[in-house]
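S.K.: Just so it is clear, I am handing over work-v4.json, which has JSON, C-alpha atoms and all ligand atoms.
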```
[["chain", "number", "residue", "atom", "x", "y", "z"],
["A", 8, "MET", "CA", 133.09, 105.09, -175.37],
["A", 9, "HIS", "CA", 132.32, 105.82, -179.02],
["A", 10, "ASP", "CA", 131.97, 102.09, -179.81],
["A", 11, "ALA", "CA", 129.94, 101.48, -176.66],
["A", 12, "LEU", "CA", 127.57, 104.31, -177.59],
["A", 13, "HIS", "CA", 127.05, 102.87, -181.07],
["A", 14, "GLN", "CA", 126.57, 99.36, -179.73],
["A", 15, "LEU", "CA", 123.96, 100.53, -177.23],
["A", 16, "THR", "CA", 122.17, 102.67, -179.82],
["A", 17, "SER", "CA", 121.95, 99.80, -182.26],
["A", 18, "ARG", "CA", 120.61, 97.46, -179.52],
["A", 19, "ILE", "CA", 117.98, 100.10, -178.64],
["A", 20, "ARG", "CA", 117.04, 100.52, -182.30],
["A", 21, "ASP", "CA", 116.44, 96.76, -182.65],
["A", 22, "ALA", "CA", 114.78, 96.24, -179.26],
["A", 23, "ARG", "CA", 111.11, 95.50, -178.89],
["A", 24, "ARG", "CA", 111.10, 95.98, -175.12],
["A", 25, "ILE", "CA", 113.34, 98.53, -173.41],
["A", 26, "THR", "CA", 113.50, 99.08, -169.67],
["A", 27, "VAL", "CA", 115.32, 102.00, -168.07],
["A", 28, "MET", "CA", 116.05, 102.18, -164.34],
["A", 29, "THR", "CA", 116.88, 105.69, -163.18],
["A", 30, "GLY", "CA", 118.39, 107.27, -160.07],
["A", 31, "ALA", "CA", 119.24, 110.70, -158.72],
["A", 32, "GLY", "CA", 121.94, 111.34, -161.36],
["A", 33, "VAL", "CA", 119.22, 111.72, -164.00],
["A", 34, "SER", "CA", 117.87, 114.77, -162.17],
["A", 35, "ALA", "CA", 121.27, 116.26, -161.27],
["A", 36, "ALA", "CA", 121.37, 118.48, -164.38],
["A", 37, "SER", "CA", 117.96, 119.86, -163.35],
["A", 38, "GLY", "CA", 119.51, 121.03, -160.06],
["A", 39, "VAL", "CA", 118.11, 118.28, -157.80],
["A", 40, "PRO", "CA", 120.80, 117.26, -155.27],
["A", 41, "THR", "CA", 121.92, 113.61, -155.41],
["A", 42, "PHE", "CA", 122.18, 111.55, -152.22],
["A", 43, "ARG", "CA", 125.80, 110.50, -152.36],
["A", 44, "GLY", "CA", 128.97, 112.01, -153.78],
["A", 45, "PRO", "CA", 129.88, 115.71, -153.99],
["A", 46, "GLY", "CA", 127.09, 117.97, -152.72],
["A", 47, "GLY", "CA", 125.11, 114.89, -151.65],
["A", 48, "LEU", "CA", 124.96, 115.68, -147.96],
["A", 49, "TRP", "CA", 122.40, 117.88, -146.23],
["A", 50, "ARG", "CA", 124.20, 119.52, -143.30],
["A", 51, "GLN", "CA", 126.35, 116.75, -141.84],
["A", 52, "TYR", "CA", 123.81, 113.93, -142.32],
["A", 53, "ARG", "CA", 124.06, 110.89, -144.58],
["A", 54, "PRO", "CA", 120.75, 109.79, -146.19],
["A", 55, "GLU", "CA", 120.92, 106.56, -144.15],
["A", 56, "GLU", "CA", 120.63, 108.74, -140.99],
["A", 57, "LEU", "CA", 117.54, 110.67, -142.12],
["A", 58, "ALA", "CA", 115.63, 108.39, -144.48],
["A", 59, "THR", "CA", 114.45, 105.97, -141.78],
["A", 60, "ALA", "CA", 111.33, 105.57, -139.66],
["A", 61, "GLN", "CA", 113.59, 105.55, -136.57],
["A", 62, "ALA", "CA", 114.98, 109.00, -137.44],
["A", 63, "PHE", "CA", 111.44, 110.28, -138.00],
["A", 64, "ALA", "CA", 110.18, 108.82, -134.71],
["A", 65, "ARG", "CA", 113.12, 110.45, -132.90],
["A", 66, "ASP", "CA", 112.85, 113.88, -134.51],
["A", 67, "PRO", "CA", 110.05, 114.41, -137.06],
["A", 68, "SER", "CA", 110.82, 118.13, -137.32],
["A", 69, "LEU", "CA", 114.45, 117.52, -138.31],
["A", 70, "VAL", "CA", 113.47, 114.96, -140.95],
["A", 71, "TRP", "CA", 110.72, 117.27, -142.26],
["A", 72, "GLU", "CA", 113.22, 120.13, -142.39],
["A", 73, "TRP", "CA", 115.32, 118.02, -144.78],
["A", 74, "TYR", "CA", 112.26, 117.17, -146.90],
["A", 75, "GLU", "CA", 111.09, 120.79, -146.96],
["A", 76, "TRP", "CA", 114.54, 121.92, -148.09],
["A", 77, "ARG", "CA", 114.41, 119.32, -150.88],
["A", 78, "ARG", "CA", 110.81, 120.18, -151.85],
["A", 79, "GLU", "CA", 111.81, 123.84, -152.14],
["A", 80, "ARG", "CA", 114.80, 122.95, -154.35],
["A", 81, "ILE", "CA", 112.78, 120.55, -156.53],
["A", 82, "ALA", "CA", 109.87, 122.99, -156.94],
["A", 83, "SER", "CA", 112.11, 125.29, -158.96],
["A", 84, "CYS", "CA", 113.58, 122.47, -161.12],
["A", 85, "THR", "CA", 112.39, 121.42, -164.55],
["A", 86, "PRO", "CA", 112.96, 118.16, -166.46],
["A", 87, "ASN", "CA", 116.24, 118.02, -168.43],
["A", 88, "ARG", "CA", 117.19, 116.34, -171.72],
["A", 89, "ALA", "CA", 117.52, 112.92, -170.00],
["A", 90, "HIS", "CA", 113.91, 113.06, -168.74],
["A", 91, "GLU", "CA", 112.73, 114.30, -172.14],
["A", 92, "VAL", "CA", 114.43, 111.51, -174.10],
["A", 93, "LEU", "CA", 113.10, 108.82, -171.77],
["A", 94, "ALA", "CA", 109.61, 110.34, -171.91],
["A", 95, "SER", "CA", 109.66, 110.26, -175.70],
["A", 96, "TRP", "CA", 110.77, 106.60, -175.73],
["A", 97, "SER", "CA", 107.89, 105.75, -173.39],
["A", 98, "GLN", "CA", 105.47, 107.63, -175.65],
["A", 99, "ARG", "CA", 106.78, 105.98, -178.83],
["A", 100, "SER", "CA", 106.48, 102.41, -177.52],
["A", 101, "SER", "CA", 103.99, 101.05, -175.01],
["A", 102, "SER", "CA", 106.45, 98.26, -174.16],
["A", 103, "CYS", "CA", 109.09, 100.74, -172.97],
["A", 104, "ARG", "CA", 109.21, 100.89, -169.16],
["A", 105, "ILE", "CA", 110.83, 103.57, -167.04],
["A", 106, "VAL", "CA", 111.44, 102.46, -163.45],
["A", 107, "THR", "CA", 112.67, 105.22, -161.16],
["A", 108, "GLN", "CA", 114.01, 105.45, -157.64],
["A", 109, "ASN", "CA", 113.52, 109.22, -157.77],
["A", 110, "VAL", "CA", 110.83, 110.91, -155.71],
["A", 111, "ASP", "CA", 111.05, 114.29, -157.50],
["A", 112, "ASP", "CA", 108.30, 113.56, -160.09],
["A", 113, "LEU", "CA", 110.41, 115.05, -162.93],
["A", 114, "HIS", "CA", 109.75, 111.95, -165.07],
["A", 115, "VAL", "CA", 106.03, 112.56, -164.58],
["A", 116, "ARG", "CA", 106.40, 116.23, -165.49],
["A", 117, "ALA", "CA", 108.32, 115.25, -168.65],
["A", 118, "GLY", "CA", 105.29, 113.19, -169.74],
["A", 119, "THR", "CA", 106.64, 109.66, -169.14],
["A", 120, "ARG", "CA", 104.12, 106.88, -169.69],
["A", 121, "GLY", "CA", 104.10, 103.56, -167.83],
["A", 122, "LEU", "CA", 106.33, 104.92, -165.06],
["A", 123, "VAL", "CA", 107.08, 102.81, -161.97],
["A", 124, "ARG", "CA", 108.05, 104.91, -158.94],
["A", 125, "LEU", "CA", 109.79, 102.53, -156.56],
["A", 126, "HIS", "CA", 110.41, 104.98, -153.71],
["A", 127, "GLY", "CA", 107.21, 107.08, -153.82],
["A", 128, "SER", "CA", 106.88, 110.81, -154.31],
["A", 129, "ILE", "CA", 108.13, 113.74, -152.25],
["A", 130, "TRP", "CA", 104.88, 115.54, -153.24],
["A", 131, "GLU", "CA", 102.71, 113.02, -151.40],
["A", 132, "LEU", "CA", 102.09, 112.61, -147.67],
["A", 133, "SER", "CA", 100.69, 109.80, -145.57],
["A", 134, "CYS", "CA", 99.50, 109.42, -141.98],
["A", 135, "TRP", "CA", 102.41, 108.46, -139.70],
["A", 136, "ARG", "CA", 100.07, 106.37, -137.56],
["A", 137, "ARG", "CA", 98.21, 105.03, -140.63],
["A", 138, "CYS", "CA", 94.87, 106.16, -139.20],
["A", 139, "ALA", "CA", 91.84, 104.33, -140.57],
["A", 140, "SER", "CA", 90.27, 107.48, -142.09],
["A", 141, "ALA", "CA", 93.23, 108.50, -144.26],
["A", 142, "PRO", "CA", 93.88, 107.20, -147.78],
["A", 143, "ARG", "CA", 97.25, 105.49, -148.22],
["A", 144, "THR", "CA", 98.72, 108.74, -149.58],
["A", 145, "TRP", "CA", 97.52, 112.20, -150.56],
["A", 146, "ARG", "CA", 99.06, 114.97, -152.62],
["A", 147, "ASP", "CA", 100.35, 118.12, -150.92],
["A", 148, "GLU", "CA", 102.48, 120.50, -152.97],
["A", 149, "HIS", "CA", 102.67, 123.36, -150.45],
["A", 150, "VAL", "CA", 106.11, 124.97, -150.31],
["A", 151, "PRO", "CA", 106.70, 125.79, -147.53],
["A", 152, "LEU", "CA", 104.31, 123.56, -145.61],
["A", 153, "PRO", "CA", 101.95, 125.44, -143.28],
["A", 154, "GLU", "CA", 103.44, 123.74, -140.19],
["A", 155, "ARG", "CA", 106.32, 121.46, -139.31],
["A", 156, "PRO", "CA", 105.66, 118.61, -138.92],
["A", 157, "PRO", "CA", 102.53, 118.82, -141.12],
["A", 158, "ARG", "CA", 99.34, 117.18, -139.82],
["A", 159, "CYS", "CA", 97.33, 114.27, -141.16],
["A", 160, "ARG", "CA", 94.28, 115.81, -142.82],
["A", 161, "PHE", "CA", 92.09, 113.04, -141.47],
["A", 162, "CYS", "CA", 93.07, 112.47, -137.81],
["A", 163, "ASP", "CA", 95.18, 115.59, -137.13],
["A", 164, "GLY", "CA", 98.10, 113.38, -136.08],
["A", 165, "VAL", "CA", 101.57, 113.74, -137.60],
["A", 166, "ALA", "CA", 101.94, 113.27, -141.36],
["A", 167, "ARG", "CA", 105.05, 111.83, -143.03],
["A", 168, "PRO", "CA", 106.45, 112.02, -146.56],
["A", 169, "ALA", "CA", 104.96, 109.18, -148.65],
["A", 170, "VAL", "CA", 108.37, 107.84, -149.62],
["A", 171, "VAL", "CA", 110.10, 104.54, -148.89],
["A", 172, "TRP", "CA", 112.69, 104.73, -146.15],
["A", 173, "PHE", "CA", 115.46, 102.24, -145.36],
["A", 174, "GLY", "CA", 114.09, 99.14, -143.70],
["A", 175, "GLU", "CA", 110.63, 99.72, -145.16],
["A", 176, "SER", "CA", 109.05, 97.50, -147.76],
["A", 177, "LEU", "CA", 108.43, 98.85, -151.22],
["A", 178, "ASP", "CA", 104.89, 98.59, -152.59],
["A", 179, "PRO", "CA", 104.67, 94.95, -153.75],
["A", 180, "ALA", "CA", 102.81, 96.07, -156.90],
["A", 181, "ASP", "CA", 105.72, 98.36, -157.84],
["A", 182, "VAL", "CA", 108.29, 95.63, -157.17],
["A", 183, "ALA", "CA", 106.25, 93.20, -159.30],
["A", 184, "ALA", "CA", 105.98, 95.76, -162.13],
["A", 185, "ALA", "CA", 109.73, 96.45, -161.98],
["A", 186, "HIS", "CA", 110.53, 92.75, -161.93],
["A", 187, "ASP", "CA", 108.21, 92.13, -164.90],
["A", 188, "ALA", "CA", 110.06, 94.89, -166.72],
["A", 189, "THR", "CA", 113.36, 92.99, -166.33],
["A", 190, "SER", "CA", 112.02, 90.66, -168.99],
["A", 191, "CYS", "CA", 113.14, 92.88, -171.86],
["A", 192, "ASP", "CA", 115.59, 93.12, -174.75],
["A", 193, "VAL", "CA", 117.59, 96.08, -173.43],
["A", 194, "PHE", "CA", 117.90, 97.03, -169.75],
["A", 195, "LEU", "CA", 119.58, 100.37, -169.13],
["A", 196, "THR", "CA", 120.53, 101.68, -165.68],
["A", 197, "VAL", "CA", 121.10, 105.46, -165.57],
["A", 198, "GLY", "CA", 122.41, 107.85, -162.90],
["A", 199, "THR", "CA", 122.22, 105.54, -159.91],
["A", 200, "SER", "CA", 124.99, 104.53, -157.51],
["A", 201, "ALA", "CA", 123.43, 101.02, -157.70],
["A", 202, "ILE", "CA", 123.89, 100.31, -154.01],
["A", 203, "VAL", "CA", 120.32, 100.53, -152.72],
["A", 204, "TYR", "CA", 118.27, 97.33, -152.85],
["A", 205, "PRO", "CA", 116.00, 95.99, -154.18],
["A", 206, "ALA", "CA", 116.41, 98.52, -157.04],
["A", 207, "ALA", "CA", 120.07, 97.55, -157.52],
["A", 208, "ALA", "CA", 119.11, 93.91, -158.10],
["A", 209, "PHE", "CA", 117.01, 94.51, -161.20],
["A", 210, "VAL", "CA", 119.99, 94.84, -163.56],
["A", 211, "HIS", "CA", 121.17, 91.39, -162.39],
["A", 212, "ASP", "CA", 117.68, 89.95, -162.96],
["A", 213, "ALA", "CA", 117.53, 91.48, -166.45],
["A", 214, "LYS", "CA", 120.92, 90.03, -167.37],
["A", 215, "GLN", "CA", 119.93, 86.61, -166.08],
["A", 216, "ARG", "CA", 116.77, 86.79, -168.17],
["A", 217, "GLY", "CA", 118.82, 87.43, -171.30],
["A", 218, "ALA", "CA", 118.61, 91.22, -171.74],
["A", 219, "PHE", "CA", 121.42, 93.30, -173.19],
["A", 220, "THR", "CA", 122.39, 95.43, -170.18],
["A", 221, "ALA", "CA", 124.00, 98.86, -170.11],
["A", 222, "GLU", "CA", 124.86, 101.60, -167.63],
["A", 223, "ILE", "CA", 125.16, 105.35, -168.07],
["A", 224, "ASN", "CA", 126.75, 107.10, -165.09],
["A", 225, "LEU", "CA", 129.35, 109.77, -164.38],
["A", 226, "GLU", "CA", 131.53, 107.18, -162.66],
["A", 227, "PRO", "CA", 131.86, 103.40, -162.27],
["A", 228, "THR", "CA", 129.40, 101.72, -159.86],
["A", 229, "PRO", "CA", 128.89, 98.13, -158.67],
["A", 230, "ALA", "CA", 126.67, 97.68, -161.76],
["A", 231, "SER", "CA", 129.56, 98.50, -164.12],
["A", 232, "SER", "CA", 131.09, 95.05, -163.83],
["A", 233, "VAL", "CA", 127.72, 93.37, -164.43],
["A", 234, "VAL", "CA", 126.54, 95.18, -167.55],
["A", 235, "ASP", "CA", 127.49, 94.43, -171.16],
["A", 236, "VAL", "CA", 128.33, 98.09, -171.77],
["A", 237, "ALA", "CA", 129.20, 100.85, -169.27],
["A", 238, "ILE", "CA", 129.28, 104.41, -170.56],
["A", 239, "HIS", "CA", 130.72, 107.04, -168.24],
["A", 240, "GLY", "CA", 129.45, 110.58, -168.72],
["A", 241, "PRO", "CA", 126.44, 112.85, -168.05],
["A", 242, "ALA", "CA", 123.10, 111.12, -168.68],
["A", 243, "GLU", "CA", 121.51, 114.22, -170.22],
["A", 244, "GLU", "CA", 124.29, 114.40, -172.82],
["A", 245, "ILE", "CA", 124.58, 110.68, -173.59],
["A", 246, "LEU", "CA", 120.84, 110.06, -173.83],
["A", 247, "GLY", "CA", 120.65, 113.18, -176.05],
["A", 248, "ASN", "CA", 123.34, 111.68, -178.32],
["A", 249, "ILE", "CA", 121.57, 108.32, -178.48],
["A", 250, "GLU", "CA", 118.29, 110.01, -179.35],
["A", 251, "ALA", "CA", 120.01, 112.01, -182.10],
["A", 252, "MET", "CA", 121.54, 108.79, -183.54],
["A", 253, "LEU", "CA", 118.10, 107.18, -183.41],
["A", 254, "GLY", "CA", 116.86, 110.12, -185.44],
["A", 255, "GLY", "CA", 114.52, 111.36, -182.69],
["A", 301, "LIG", "C1", 125.18, 111.07, -162.68],
["A", 301, "LIG", "C2", 125.02, 112.43, -162.96],
["A", 301, "LIG", "C3", 124.73, 112.76, -164.30],
["A", 301, "LIG", "C4", 125.43, 112.26, -160.88],
["A", 301, "LIG", "N1", 124.63, 111.78, -165.23],
["A", 301, "LIG", "N2", 125.08, 110.13, -163.63],
["A", 301, "LIG", "C5", 120.03, 93.53, -149.91],
["A", 301, "LIG", "C6", 121.40, 93.69, -149.72],
["A", 301, "LIG", "C7", 121.88, 94.70, -148.90],
["A", 301, "LIG", "C8", 121.02, 95.57, -148.25],
["A", 301, "LIG", "C9", 119.67, 95.41, -148.44],
["A", 301, "LIG", "C10", 119.20, 94.40, -149.26],
["A", 301, "LIG", "N3", 117.84, 94.50, -149.26],
["A", 301, "LIG", "C11", 117.45, 95.52, -148.50],
["A", 301, "LIG", "C12", 118.55, 96.09, -147.96],
["A", 301, "LIG", "C13", 118.54, 97.27, -147.04],
["A", 301, "LIG", "C14", 118.38, 98.60, -147.75],
["A", 301, "LIG", "C15", 119.61, 98.84, -148.63],
["A", 301, "LIG", "O1", 119.59, 98.69, -149.83],
["A", 301, "LIG", "N4", 120.70, 99.31, -148.04],
["A", 301, "LIG", "C16", 121.91, 99.63, -148.81],
["A", 301, "LIG", "C17", 122.39, 101.04, -148.46],
["A", 301, "LIG", "C18", 122.94, 98.56, -148.59],
["A", 301, "LIG", "N5", 117.16, 98.64, -148.54],
["A", 301, "LIG", "C19", 115.98, 98.91, -148.01],
["A", 301, "LIG", "O2", 115.85, 99.08, -146.81],
["A", 301, "LIG", "C20", 114.78, 98.97, -148.93],
["A", 301, "LIG", "N6", 113.71, 98.21, -148.36],
["A", 301, "LIG", "C21", 113.63, 96.87, -148.48],
["A", 301, "LIG", "O3", 114.40, 96.23, -149.17],
["A", 301, "LIG", "O4", 112.57, 96.31, -147.78],
["A", 301, "LIG", "C22", 112.62, 94.92, -147.48],
["A", 301, "LIG", "C23", 113.52, 94.79, -146.26],
["A", 301, "LIG", "C24", 113.16, 95.46, -145.10],
["A", 301, "LIG", "C25", 113.99, 95.35, -143.99],
["A", 301, "LIG", "C26", 115.19, 94.63, -144.05],
["A", 301, "LIG", "C27", 115.54, 94.00, -145.25],
["A", 301, "LIG", "C28", 114.69, 94.08, -146.36],
["A", 301, "LIG", "C29", 114.26, 100.40, -149.03],
["A", 301, "LIG", "C30", 115.23, 101.33, -149.68],
["A", 301, "LIG", "C31", 114.64, 102.74, -149.67],
["A", 301, "LIG", "C32", 115.64, 103.77, -150.16],
["A", 301, "LIG", "N7", 115.12, 105.07, -149.88],
["A", 301, "LIG", "C33", 115.82, 106.24, -150.36],
["A", 301, "LIG", "C34", 115.07, 107.50, -149.81],
["A", 301, "LIG", "C35", 113.77, 107.68, -150.58],
["A", 301, "LIG", "C36", 113.03, 108.88, -150.11],
["A", 301, "LIG", "C37", 113.79, 110.14, -150.33],
["A", 301, "LIG", "O5", 114.14, 110.51, -151.47],
["A", 301, "LIG", "O6", 114.06, 110.82, -149.34],
["A", 301, "LIG", "O7", 115.85, 106.26, -151.79],
["A", 301, "LIG", "S1", 117.56, 106.31, -149.91],
["A", 301, "LIG", "C38", 118.10, 107.02, -151.42],
["A", 301, "LIG", "O8", 118.94, 106.09, -152.15],
["A", 301, "LIG", "C39", 116.83, 107.21, -152.26],
["A", 301, "LIG", "C40", 117.32, 106.86, -153.63],
["A", 301, "LIG", "O9", 116.22, 106.55, -154.46],
["A", 301, "LIG", "C41", 118.25, 105.70, -153.35],
["A", 301, "LIG", "C42", 119.25, 105.44, -154.45],
["A", 301, "LIG", "O10", 120.08, 106.53, -154.66],
["A", 301, "LIG", "P1", 120.51, 106.90, -156.14],
["A", 301, "LIG", "O11", 119.35, 107.31, -156.92],
["A", 301, "LIG", "O12", 121.32, 105.80, -156.69],
["A", 301, "LIG", "O13", 121.38, 108.22, -155.89],
["A", 301, "LIG", "P2", 122.91, 108.39, -155.46],
["A", 301, "LIG", "O14", 123.07, 109.77, -154.98],
["A", 301, "LIG", "O15", 123.35, 107.30, -154.56],
["A", 301, "LIG", "O16", 123.71, 108.19, -156.82],
["A", 301, "LIG", "C43", 123.63, 109.11, -157.89],
["A", 301, "LIG", "C44", 124.50, 108.59, -159.01],
["A", 301, "LIG", "O17", 124.33, 109.43, -160.12],
["A", 301, "LIG", "C45", 126.00, 108.60, -158.68],
["A", 301, "LIG", "O18", 126.54, 107.32, -159.02],
["A", 301, "LIG", "C46", 126.58, 109.69, -159.58],
["A", 301, "LIG", "O19", 127.86, 109.37, -160.09],
["A", 301, "LIG", "C47", 125.58, 109.72, -160.69],
["A", 301, "LIG", "N8", 125.43, 111.01, -161.39],
["A", 301, "LIG", "N9", 125.18, 113.18, -161.86],
["A", 301, "LIG", "C48", 124.81, 110.54, -164.89],
["A", 301, "LIG", "N10", 124.55, 114.10, -164.72]]
```
Using the file provided, produce a representation of the structure as structure tokens.
Ligand code: BJW
M.R.:
Amino acid sequence: MHDALHQLTSRIRDARRITVMTGAGVSAASGVPTFRGPGGLWRQYRPEELATAQAFARDPSLVWEWYEWRRERIASCTPNRAHEVLASWSQRSSSCRIVTQNVDDLHVRAGTRGLVRLHGSIWELSCWRRCASAPRTWRDEHVPLPERPPRCRFCDGVARPAVVWFGESLDPADVAAAHDATSCDVFLTVGTSAIVYPAAAFVHDAKQRGAFTAEINLEPTPASSVVDVAIHGPAEEILGNIEAMLGG
């Protein structure tokens, strides 16, 4: 682990272009629940049972109850050392890209520049029926929401969280930006179980395109066998150590 940490730090020091892909584990130390693993379930549901348009069509109130519970939790959370380190890398170099699967906006609150949010934001809503009068998304930070399910501000129909559910396409512009970012010198995947696609594919793309690839996670994931270096431990601590070795 010591060698791996030094190897990764020296690659980062020499890199012109760094890309970091983050997942729920990056926000765990802030108190945001992850999706999978210990404490990852809300009631008895798996995310695959709630984060779908079918689940929402069947029972919008139940799905909104889950999102309201998460919004309430996230509202009281603040960025941790992992968000801070990544934000400072993005501020130091305009060719550093942070690509996140997280919808909590903690990277934004930490001041990250050039952020790609692959799965949207829990603080944005959109019209379930995509009515012609509504913009694609709008911001709504009410906690709790005035009614469940909340209404579309423009047609008074049902509103949904502006996040990407299973079976839904990601915004092509975000996918293109993330794919562009796989052309880099160092590609680091942090705090993600690396099982949800297309996000999980980017580390493979980066490796194929010649990047030095690394993973920071509490435990091994399917990405561990792909990357040049896998470091197992808390992201907030390891990124803090790397930043200290970089002199930041
Ligand atoms: C720590 C830590 C600490 C803890 N420090 N580490 C190709 C192959 C197979 C399947 C597919 C495929 N292409 C598409 C699919 C289907 C599907 C998919 O991937 N399914 C898999 C489950 C197999 N993908 C999709 O449907 C995607 N759409 C798509 O591809 O469209 C085209 C298409 C359409 C139809 C058919 C086919 C193609 C959309 C995926 C959307 C995912 N949405 C969610 C919900 C977002 C909204 C919300 O938040 O509610 O995104 S699901 C959920 O999983 C969320 C997350 O962003 C995502 C990833 O989770 P993440 O971040 O990795 O969290 P965890 O909890 O899984 O892991 C946390 C990790 O952190 C753990 O490993 C811990 O150990 C670690 N950790 N503390 C470091 N302190």
S.K.: Have a look at atom CA of A:Leu246 and atom C18 of ligand LIG 301 (chain A) and let me know their distance in Å, one decimal.
M.R.: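 Interatomic distance here is 27.8 Å.
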S.K.: Taking all atoms listed in the file into account, name the residue in A:Val33, A:Ala139, A:Leu93, A:Ala166 that is nearest to ligand LIG 301 (chain A).
M.R.: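 Comparing A:Val33, A:Ala139, A:Leu93, A:Ala166 against ligand LIG 301 (chain A), the winner is A:Val33.
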S.K.: Find the residues near ligand LIG 301 (chain A). Use a cut-off of 7 Å, count all atoms listed in the file, and write them as an NGL selection string.
M.R.: :A and (29-33 or 35-36 or 41-44 or 47 or 54-55 or 58 or 108-110 or 126 or 129 or 170-177 or 197-205 or 223-226 or 228 or 240-243)
S.K.: Counting only C-alpha atoms, which of A:Thr16, A:Thr26, A:Asn248, A:Ser68 gets nearest to A:Lys214?
M.R.: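 Selected residue with least distance to A:Lys214: A:Thr26.
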S.K.: What is the atom CA of A:Cys84-atom CA of A:Arg50 distance in Å, reported with one decimal?
M.R.: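 Atom-to-atom, atom CA of A:Cys84 to atom CA of A:Arg50, that is 21.0 Å.
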S.K.: Applying 10 Å and only C-alpha atoms, which residues near A:Pro151 remain after dropping the ones on its own chain fewer than 5 positions away? List them as JSON, numbers by chain.
M.R.: {"A": [75, 76, 78, 79]}
S.K.: Counting only C-alpha atoms, which residue out of A:Pro142, A:Arg124, A:Leu113, A:Ala208 sits closest to A:Pro179?
M.R.: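 Closest candidate: A:Arg124.
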S.K.: Fix up stretch 68-73 of chain A with all heavy atoms, then write it as a compact mmCIF listing (two decimals), in the frame of the given file.
M.R.:
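The result, written out as rebuild-v7.txt:
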```txt
# COMPACT_ATOMS: atom_id res chain seq x y z
N SER A 68 110.58 116.78 -136.80
CA SER A 68 110.82 118.13 -137.32
C SER A 68 112.11 118.19 -138.12
O SER A 68 112.18 118.82 -139.17
CB SER A 68 110.90 119.14 -136.19
OG SER A 68 109.61 119.45 -135.80
N LEU A 69 113.15 117.52 -137.61
CA LEU A 69 114.45 117.52 -138.31
C LEU A 69 114.29 116.84 -139.68
O LEU A 69 114.74 117.36 -140.70
CB LEU A 69 115.51 116.77 -137.49
CG LEU A 69 116.84 116.57 -138.22
CD1 LEU A 69 117.64 117.87 -138.30
CD2 LEU A 69 117.69 115.49 -137.56
N VAL A 70 113.64 115.69 -139.69
CA VAL A 70 113.47 114.96 -140.95
C VAL A 70 112.62 115.78 -141.91
O VAL A 70 112.94 115.91 -143.09
CB VAL A 70 112.88 113.55 -140.70
CG1 VAL A 70 112.56 112.85 -142.01
CG2 VAL A 70 113.87 112.71 -139.89
N TRP A 71 111.56 116.42 -141.40
CA TRP A 71 110.72 117.27 -142.26
C TRP A 71 111.50 118.48 -142.78
O TRP A 71 111.25 118.96 -143.88
CB TRP A 71 109.44 117.69 -141.54
CG TRP A 71 108.28 116.82 -141.92
CD1 TRP A 71 107.57 115.99 -141.10
CD2 TRP A 71 107.71 116.68 -143.24
NE1 TRP A 71 106.60 115.33 -141.83
CE2 TRP A 71 106.66 115.74 -143.14
CE3 TRP A 71 107.99 117.25 -144.48
CZ2 TRP A 71 105.88 115.36 -144.23
CZ3 TRP A 71 107.23 116.87 -145.58
CH2 TRP A 71 106.19 115.94 -145.45
N GLU A 72 112.42 118.98 -141.95
CA GLU A 72 113.22 120.13 -142.39
C GLU A 72 114.02 119.76 -143.64
O GLU A 72 114.12 120.52 -144.60
CB GLU A 72 114.18 120.54 -141.26
CG GLU A 72 114.52 122.01 -141.26
CD GLU A 72 115.52 122.36 -140.17
OE1 GLU A 72 115.41 121.79 -139.05
OE2 GLU A 72 116.42 123.16 -140.44
N TRP A 73 114.57 118.53 -143.62
CA TRP A 73 115.32 118.02 -144.78
C TRP A 73 114.39 117.91 -146.00
O TRP A 73 114.71 118.38 -147.08
CB TRP A 73 115.93 116.65 -144.43
CG TRP A 73 116.75 116.02 -145.52
CD1 TRP A 73 117.72 116.62 -146.27
CD2 TRP A 73 116.69 114.65 -145.95
NE1 TRP A 73 118.27 115.68 -147.14
CE2 TRP A 73 117.66 114.48 -146.96
CE3 TRP A 73 115.92 113.54 -145.55
CZ2 TRP A 73 117.87 113.25 -147.60
CZ3 TRP A 73 116.15 112.31 -146.19
CH2 TRP A 73 117.10 112.18 -147.20
```
